[in-house]
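What follows is the content of model.tsv (TSV, N, CA and C atoms).
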chain	number	residue	atom	x	y	z
A	712	MET	N	15.66	5.58	74.46
A	712	MET	CA	14.45	4.99	73.94
A	712	MET	C	14.01	3.92	74.93
A	713	SER	N	12.83	4.07	75.47
A	713	SER	CA	12.25	3.10	76.41
A	713	SER	C	11.50	2.04	75.61
A	714	LEU	N	11.78	0.78	75.91
A	714	LEU	CA	11.18	-0.32	75.16
A	714	LEU	C	10.33	-1.22	76.03
A	715	THR	N	9.24	-1.72	75.46
A	715	THR	CA	8.42	-2.72	76.13
A	715	THR	C	9.12	-4.07	75.99
A	716	ALA	N	8.61	-5.10	76.66
A	716	ALA	CA	9.20	-6.43	76.57
A	716	ALA	C	9.19	-6.95	75.13
A	717	ASP	N	8.07	-6.76	74.43
A	717	ASP	CA	7.99	-7.19	73.03
A	717	ASP	C	8.98	-6.43	72.16
A	718	GLU	N	9.12	-5.13	72.42
A	718	GLU	CA	10.05	-4.32	71.64
A	718	GLU	C	11.49	-4.72	71.91
A	719	ARG	N	11.80	-5.13	73.15
A	719	ARG	CA	13.16	-5.57	73.44
A	719	ARG	C	13.52	-6.80	72.62
A	720	ALA	N	12.57	-7.73	72.46
A	720	ALA	CA	12.81	-8.91	71.63
A	720	ALA	C	13.00	-8.49	70.18
A	721	GLU	N	12.13	-7.61	69.69
A	721	GLU	CA	12.22	-7.14	68.31
A	721	GLU	C	13.54	-6.39	68.08
A	722	TYR	N	13.93	-5.58	69.05
A	722	TYR	CA	15.20	-4.86	68.94
A	722	TYR	C	16.37	-5.84	68.84
A	723	ALA	N	16.33	-6.89	69.66
A	723	ALA	CA	17.40	-7.90	69.62
A	723	ALA	C	17.44	-8.58	68.25
A	724	TRP	N	16.28	-8.87	67.68
A	724	TRP	CA	16.24	-9.49	66.34
A	724	TRP	C	16.78	-8.54	65.29
A	725	LEU	N	16.43	-7.25	65.39
A	725	LEU	CA	16.94	-6.25	64.43
A	725	LEU	C	18.46	-6.14	64.54
A	726	LYS	N	18.99	-6.15	65.76
A	726	LYS	CA	20.44	-6.09	65.96
A	726	LYS	C	21.11	-7.32	65.35
A	727	GLU	N	20.51	-8.49	65.56
A	727	GLU	CA	21.07	-9.72	65.01
A	727	GLU	C	21.04	-9.69	63.48
A	728	LEU	N	19.93	-9.26	62.91
A	728	LEU	CA	19.82	-9.16	61.45
A	728	LEU	C	20.89	-8.22	60.91
A	729	LYS	N	21.03	-7.07	61.53
A	729	LYS	CA	22.02	-6.08	61.09
A	729	LYS	C	23.44	-6.64	61.20
A	730	ALA	N	23.73	-7.34	62.29
A	730	ALA	CA	25.07	-7.89	62.51
A	730	ALA	C	25.39	-9.03	61.54
A	731	THR	N	24.41	-9.86	61.24
A	731	THR	CA	24.68	-11.04	60.42
A	731	THR	C	24.48	-10.80	58.93
A	732	ASN	N	23.58	-9.91	58.55
A	732	ASN	CA	23.26	-9.72	57.14
A	732	ASN	C	23.38	-8.27	56.69
A	733	GLY	N	23.81	-7.37	57.57
A	733	GLY	CA	23.81	-5.95	57.27
A	733	GLY	C	24.63	-5.57	56.06
A	734	ASP	N	25.86	-6.07	55.94
A	734	ASP	CA	26.71	-5.70	54.80
A	734	ASP	C	26.07	-6.15	53.49
A	735	GLU	N	25.55	-7.36	53.48
A	735	GLU	CA	24.91	-7.88	52.27
A	735	GLU	C	23.67	-7.06	51.90
A	736	LEU	N	22.84	-6.73	52.90
A	736	LEU	CA	21.63	-5.94	52.64
A	736	LEU	C	21.97	-4.54	52.14
A	737	ARG	N	22.99	-3.92	52.73
A	737	ARG	CA	23.41	-2.59	52.29
A	737	ARG	C	23.81	-2.61	50.82
A	738	ARG	N	24.64	-3.60	50.46
A	738	ARG	CA	25.09	-3.71	49.06
A	738	ARG	C	23.90	-3.99	48.13
A	739	GLN	N	23.05	-4.93	48.55
A	739	GLN	CA	21.91	-5.33	47.72
A	739	GLN	C	21.00	-4.15	47.39
A	740	TYR	N	20.76	-3.29	48.39
A	740	TYR	CA	19.79	-2.21	48.21
A	740	TYR	C	20.42	-0.84	48.02
A	741	GLY	N	21.76	-0.77	47.95
A	741	GLY	CA	22.42	0.49	47.65
A	741	GLY	C	22.40	1.51	48.77
A	742	ALA	N	22.35	1.06	50.01
A	742	ALA	CA	22.37	1.97	51.16
A	742	ALA	C	23.82	2.19	51.59
A	743	HIS	N	24.15	3.39	52.07
A	743	HIS	CA	25.51	3.64	52.54
A	743	HIS	C	25.67	3.30	54.01
A	744	SER	N	24.56	3.20	54.75
A	744	SER	CA	24.64	2.79	56.15
A	744	SER	C	23.27	2.31	56.61
A	745	MET	N	23.25	1.72	57.80
A	745	MET	CA	22.02	1.18	58.37
A	745	MET	C	21.99	1.48	59.86
A	746	GLY	N	20.78	1.50	60.40
A	746	GLY	CA	20.61	1.69	61.82
A	746	GLY	C	19.31	1.05	62.28
A	747	ILE	N	19.01	1.22	63.54
A	747	ILE	CA	17.77	0.71	64.12
A	747	ILE	C	17.10	1.87	64.84
A	748	GLY	N	15.82	2.02	64.64
A	748	GLY	CA	15.10	3.11	65.29
A	748	GLY	C	13.62	3.03	65.00
A	749	ARG	N	12.91	4.08	65.31
A	749	ARG	CA	11.47	4.15	65.05
A	749	ARG	C	11.22	4.44	63.58
A	750	LYS	N	10.31	3.70	62.98
A	750	LYS	CA	9.93	3.94	61.59
A	750	LYS	C	9.28	5.31	61.50
A	751	ARG	N	9.52	6.01	60.40
A	751	ARG	CA	8.90	7.31	60.16
A	751	ARG	C	7.94	7.19	58.98
A	752	VAL	N	6.82	7.83	59.12
A	752	VAL	CA	5.84	7.91	58.04
A	752	VAL	C	5.48	9.38	57.88
A	753	GLY	N	5.67	9.90	56.68
A	753	GLY	CA	5.42	11.33	56.45
A	753	GLY	C	6.29	12.22	57.31
A	754	GLY	N	7.51	11.74	57.63
A	754	GLY	CA	8.43	12.53	58.44
A	754	GLY	C	8.20	12.45	59.94
A	755	ARG	N	7.14	11.77	60.35
A	755	ARG	CA	6.84	11.66	61.79
A	755	ARG	C	7.16	10.25	62.29
A	756	PRO	N	7.78	10.15	63.48
A	756	PRO	CA	8.08	8.82	64.02
A	756	PRO	C	6.80	8.07	64.41
A	757	THR	N	6.80	6.78	64.17
A	757	THR	CA	5.71	5.92	64.61
A	757	THR	C	6.18	5.17	65.85
A	758	SER	N	5.37	4.29	66.36
A	758	SER	CA	5.77	3.49	67.52
A	758	SER	C	6.49	2.21	67.11
A	759	ASP	N	6.60	1.97	65.78
A	759	ASP	CA	7.20	0.73	65.29
A	759	ASP	C	8.71	0.82	65.17
A	760	LEU	N	9.40	-0.22	65.64
A	760	LEU	CA	10.84	-0.33	65.43
A	760	LEU	C	11.10	-0.79	64.01
A	761	ALA	N	12.23	-0.38	63.44
A	761	ALA	CA	12.54	-0.75	62.06
A	761	ALA	C	14.05	-0.78	61.85
A	762	LEU	N	14.44	-1.55	60.84
A	762	LEU	CA	15.80	-1.51	60.34
A	762	LEU	C	15.84	-0.36	59.34
A	763	ILE	N	16.66	0.65	59.61
A	763	ILE	CA	16.67	1.86	58.80
A	763	ILE	C	17.82	1.79	57.79
A	764	PHE	N	17.46	1.95	56.51
A	764	PHE	CA	18.44	2.02	55.43
A	764	PHE	C	18.64	3.49	55.11
A	765	TYR	N	19.90	3.96	55.15
A	765	TYR	CA	20.21	5.34	54.81
A	765	TYR	C	20.76	5.38	53.39
A	766	VAL	N	20.12	6.17	52.54
A	766	VAL	CA	20.51	6.31	51.14
A	766	VAL	C	20.75	7.79	50.85
A	767	THR	N	21.57	8.07	49.85
A	767	THR	CA	21.84	9.45	49.48
A	767	THR	C	20.59	10.11	48.92
A	768	ARG	N	19.85	9.36	48.11
A	768	ARG	CA	18.63	9.91	47.53
A	768	ARG	C	17.63	8.78	47.36
A	769	LYS	N	16.41	9.01	47.85
A	769	LYS	CA	15.34	8.04	47.63
A	769	LYS	C	14.96	8.08	46.16
A	770	ARG	N	14.50	6.96	45.65
A	770	ARG	CA	14.09	6.93	44.25
A	770	ARG	C	12.67	6.40	44.15
A	771	ALA	N	12.02	6.74	43.06
A	771	ALA	CA	10.66	6.25	42.83
A	771	ALA	C	10.72	4.74	42.63
A	772	VAL	N	9.76	4.05	43.20
A	772	VAL	CA	9.73	2.59	43.13
A	772	VAL	C	8.43	2.18	42.46
A	773	GLY	N	8.56	1.29	41.48
A	773	GLY	CA	7.37	0.79	40.78
A	773	GLY	C	7.01	-0.61	41.25
A	774	PRO	N	5.84	-1.07	40.89
A	774	PRO	CA	5.41	-2.42	41.27
A	774	PRO	C	6.39	-3.47	40.73
A	775	GLY	N	6.74	-4.41	41.58
A	775	GLY	CA	7.63	-5.49	41.18
A	775	GLY	C	9.09	-5.09	41.04
A	776	ASP	N	9.46	-3.92	41.52
A	776	ASP	CA	10.85	-3.45	41.45
A	776	ASP	C	11.71	-4.31	42.37
A	777	ALA	N	12.53	-5.17	41.77
A	777	ALA	CA	13.33	-6.12	42.55
A	777	ALA	C	14.41	-5.43	43.38
A	778	ASP	N	14.82	-4.23	43.01
A	778	ASP	CA	15.87	-3.51	43.74
A	778	ASP	C	15.32	-2.66	44.88
A	779	ALA	N	14.02	-2.60	45.01
A	779	ALA	CA	13.41	-1.77	46.05
A	779	ALA	C	13.60	-2.41	47.43
A	780	ILE	N	13.81	-1.57	48.42
A	780	ILE	CA	13.90	-2.07	49.80
A	780	ILE	C	12.49	-2.47	50.22
A	781	PRO	N	12.30	-3.72	50.62
A	781	PRO	CA	10.95	-4.18	50.97
A	781	PRO	C	10.48	-3.55	52.28
A	782	PRO	N	9.16	-3.45	52.49
A	782	PRO	CA	8.65	-2.88	53.74
A	782	PRO	C	8.94	-3.76	54.96
A	783	THR	N	9.16	-5.05	54.71
A	783	THR	CA	9.54	-5.97	55.78
A	783	THR	C	10.59	-6.94	55.24
A	784	ILE	N	11.38	-7.48	56.15
A	784	ILE	CA	12.37	-8.51	55.81
A	784	ILE	C	12.09	-9.72	56.70
A	785	ARG	N	12.00	-10.88	56.08
A	785	ARG	CA	11.81	-12.14	56.82
A	785	ARG	C	13.16	-12.60	57.34
A	786	PHE	N	13.22	-12.88	58.64
A	786	PHE	CA	14.49	-13.24	59.29
A	786	PHE	C	14.22	-14.29	60.36
A	787	THR	N	15.07	-15.31	60.40
A	787	THR	CA	14.97	-16.34	61.44
A	787	THR	C	16.08	-16.10	62.45
A	788	PRO	N	15.72	-15.61	63.65
A	788	PRO	CA	16.74	-15.37	64.68
A	788	PRO	C	17.40	-16.67	65.13
A	789	LYS	N	18.62	-16.55	65.60
A	789	LYS	CA	19.37	-17.70	66.11
A	789	LYS	C	18.55	-18.40	67.20
A	790	GLY	N	18.41	-19.71	67.07
A	790	GLY	CA	17.69	-20.50	68.06
A	790	GLY	C	16.18	-20.53	67.88
A	791	ALA	N	15.66	-19.76	66.93
A	791	ALA	CA	14.21	-19.72	66.71
A	791	ALA	C	13.82	-20.79	65.68
A	792	SER	N	12.60	-21.29	65.82
A	792	SER	CA	12.12	-22.29	64.86
A	792	SER	C	11.34	-21.65	63.72
A	793	GLU	N	10.92	-20.40	63.90
A	793	GLU	CA	10.14	-19.72	62.88
A	793	GLU	C	10.75	-18.35	62.56
A	794	ALA	N	10.52	-17.93	61.34
A	794	ALA	CA	10.99	-16.61	60.91
A	794	ALA	C	10.06	-15.52	61.46
A	795	VAL	N	10.61	-14.33	61.59
A	795	VAL	CA	9.83	-13.16	61.99
A	795	VAL	C	9.91	-12.14	60.85
A	796	LEU	N	8.92	-11.27	60.77
A	796	LEU	CA	8.95	-10.18	59.80
A	796	LEU	C	9.38	-8.91	60.53
A	797	LEU	N	10.44	-8.29	60.04
A	797	LEU	CA	10.96	-7.08	60.65
A	797	LEU	C	10.76	-5.91	59.69
A	798	ARG	N	10.25	-4.80	60.22
A	798	ARG	CA	9.96	-3.62	59.40
A	798	ARG	C	11.25	-2.94	58.95
A	799	THR	N	11.14	-2.26	57.82
A	799	THR	CA	12.25	-1.45	57.33
A	799	THR	C	11.78	-0.01	57.15
A	800	ASP	N	12.74	0.88	57.03
A	800	ASP	CA	12.47	2.27	56.74
A	800	ASP	C	13.62	2.76	55.86
A	801	VAL	N	13.35	3.72	55.01
A	801	VAL	CA	14.37	4.30	54.14
A	801	VAL	C	14.43	5.79	54.41
A	802	ARG	N	15.63	6.28	54.68
A	802	ARG	CA	15.80	7.71	54.96
A	802	ARG	C	16.93	8.27	54.11
A	803	GLU	N	16.73	9.50	53.67
A	803	GLU	CA	17.78	10.19	52.92
A	803	GLU	C	18.75	10.83	53.88
A	804	ALA	N	20.04	10.61	53.61
A	804	ALA	CA	21.10	11.24	54.41
A	804	ALA	C	22.40	11.13	53.62
A	805	GLU	N	23.22	12.14	53.71
A	805	GLU	CA	24.53	12.09	53.08
A	805	GLU	C	25.42	11.14	53.88
A	806	PRO	N	26.31	10.42	53.20
A	806	PRO	CA	27.26	9.58	53.94
A	806	PRO	C	28.13	10.43	54.85
A	807	VAL	N	28.48	9.89	55.99
A	807	VAL	CA	29.33	10.59	56.95
A	807	VAL	C	30.76	10.11	56.76
A	808	GLU	N	31.69	11.05	56.71
A	808	GLU	CA	33.10	10.71	56.61
A	808	GLU	C	33.79	11.20	57.87
A	809	ALA	N	34.42	10.27	58.57
A	809	ALA	CA	35.16	10.62	59.79
A	809	ALA	C	36.46	11.31	59.40
A	810	GLU	N	36.82	12.32	60.15
A	810	GLU	CA	38.08	13.01	59.91
A	810	GLU	C	38.97	12.83	61.13
A	811	GLY	N	40.26	12.92	60.92
A	811	GLY	CA	41.20	12.81	62.02
A	811	GLY	C	41.50	11.36	62.35
A	812	ASP	N	42.24	11.19	63.42
A	812	ASP	CA	42.60	9.84	63.82
A	812	ASP	C	41.81	9.43	65.06
A	813	GLY	N	41.88	8.20	65.42
A	813	GLY	CA	41.16	7.69	66.59
A	813	GLY	C	41.56	8.39	67.87
A	814	ALA	N	42.82	8.78	67.96
A	814	ALA	CA	43.30	9.46	69.16
A	814	ALA	C	42.59	10.80	69.35
A	815	ALA	N	42.37	11.51	68.24
A	815	ALA	CA	41.66	12.80	68.33
A	815	ALA	C	40.24	12.58	68.82
A	816	ARG	N	39.56	11.57	68.31
A	816	ARG	CA	38.20	11.29	68.75
A	816	ARG	C	38.18	10.89	70.22
A	817	SER	N	39.19	10.13	70.65
A	817	SER	CA	39.25	9.72	72.05
A	817	SER	C	39.43	10.92	72.97
A	818	ARG	N	40.27	11.87	72.54
A	818	ARG	CA	40.47	13.09	73.35
A	818	ARG	C	39.16	13.86	73.48
A	819	VAL	N	38.42	13.97	72.39
A	819	VAL	CA	37.14	14.68	72.44
A	819	VAL	C	36.17	13.95	73.35
A	820	SER	N	36.11	12.62	73.26
A	820	SER	CA	35.21	11.85	74.12
A	820	SER	C	35.54	12.05	75.59
A	821	ARG	N	36.83	12.06	75.93
A	821	ARG	CA	37.21	12.24	77.33
A	821	ARG	C	36.84	13.65	77.80
A	822	GLN	N	36.97	14.64	76.90
A	822	GLN	CA	36.62	16.00	77.28
A	822	GLN	C	35.14	16.16	77.49
A	823	LEU	N	34.35	15.47	76.67
A	823	LEU	CA	32.89	15.59	76.80
A	823	LEU	C	32.35	14.76	77.95
A	824	GLY	N	33.05	13.72	78.33
A	824	GLY	CA	32.59	12.87	79.42
A	824	GLY	C	31.56	11.87	78.97
A	825	PRO	N	31.08	11.02	79.91
A	825	PRO	CA	30.10	9.99	79.56
A	825	PRO	C	28.76	10.60	79.18
A	826	ARG	N	28.04	9.89	78.33
A	826	ARG	CA	26.72	10.38	77.90
A	826	ARG	C	25.65	9.86	78.81
Full structure transcribed into structure tokens:
Amino acid sequence: MSLTADERAEYAWLKELKATNGDELRRQYGAHSMGIGRKRVGGRPTSDLALIFYVTRKRAVGPGDADAIPPTIRFTPKGASEAVLLRTDVREAEPVEAEGDGAARSRVSRQLGPR
């Protein structure tokens, strides 16, 4: 993913948000995992970066639903004097369960080589 200078700053803020508040946000909104990527609208990627919440099943959201994942999250990055608004996205996906031990994954990685 090629990023502009503004997107690099936004990406850094999204990484910081995920690292510092990710576990709490996942629990709060019932997501099984989170990532960072391009927001999707109608199944198509947009040019906007977003914090992606992965849920087993999306649910209908009504006005004022306190448990709904908001379209943006207000976050104050380390060293910043003002908060920024970071976009979110919600995607349906089954949770991934790793099988085997770390040694098996390491052997596969060595066989496949660097990406």
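With only N, CA and C atoms as the atoms that count, the residue of A:Arg751, A:Arg737, A:Lys789, A:His743 with the shortest distance to Val801 in chain A is A:Arg751.
Using only N, CA and C atoms, the shortest contact distance between Gln739 in chain A and any of A:Ile780, A:Leu797, A:Arg785, A:Leu760 is found at A:Ile780.
Counting from atom N of Asp800 in chain A, the distance to atom C of Arg719 in chain A is 17.4 Å.
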For Lys750 in chain A, work out the shell of residues within 10 Å, counting only C-alpha atoms and skipping chain neighbours fewer than 2 positions away, then give it as a VMD selection string.
chain A and resid 747 to 748 752 754 to 763 798 to 802
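Computed from the coordinates, the CA of Arg768 in chain A to atom C of Pro806 in chain A distance equals 12.0 Å.
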So how many Å separate atom C of Glu721 in chain A and CA of Pro788 in chain A, to one decimal?
10.1 Å
So which bits of chain A end up strand (DSSP E) when you DSSP the backbone, as a PyMOL selection string?
chain A and resi 744-752+755-766+783-786+795-803
When DSSP works through the backbone of this structure, what residues of range 728-814 of chain A end up as helix (DSSP H, G or I), shown as a PyMOL selection string?
chain A and resi 728-740+813-814
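Proximity of A:Leu714, A:Ala720, A:Leu728, A:Ala771 to Phe786 in chain A, computed with all atoms listed in the file, is greatest for A:Leu728.
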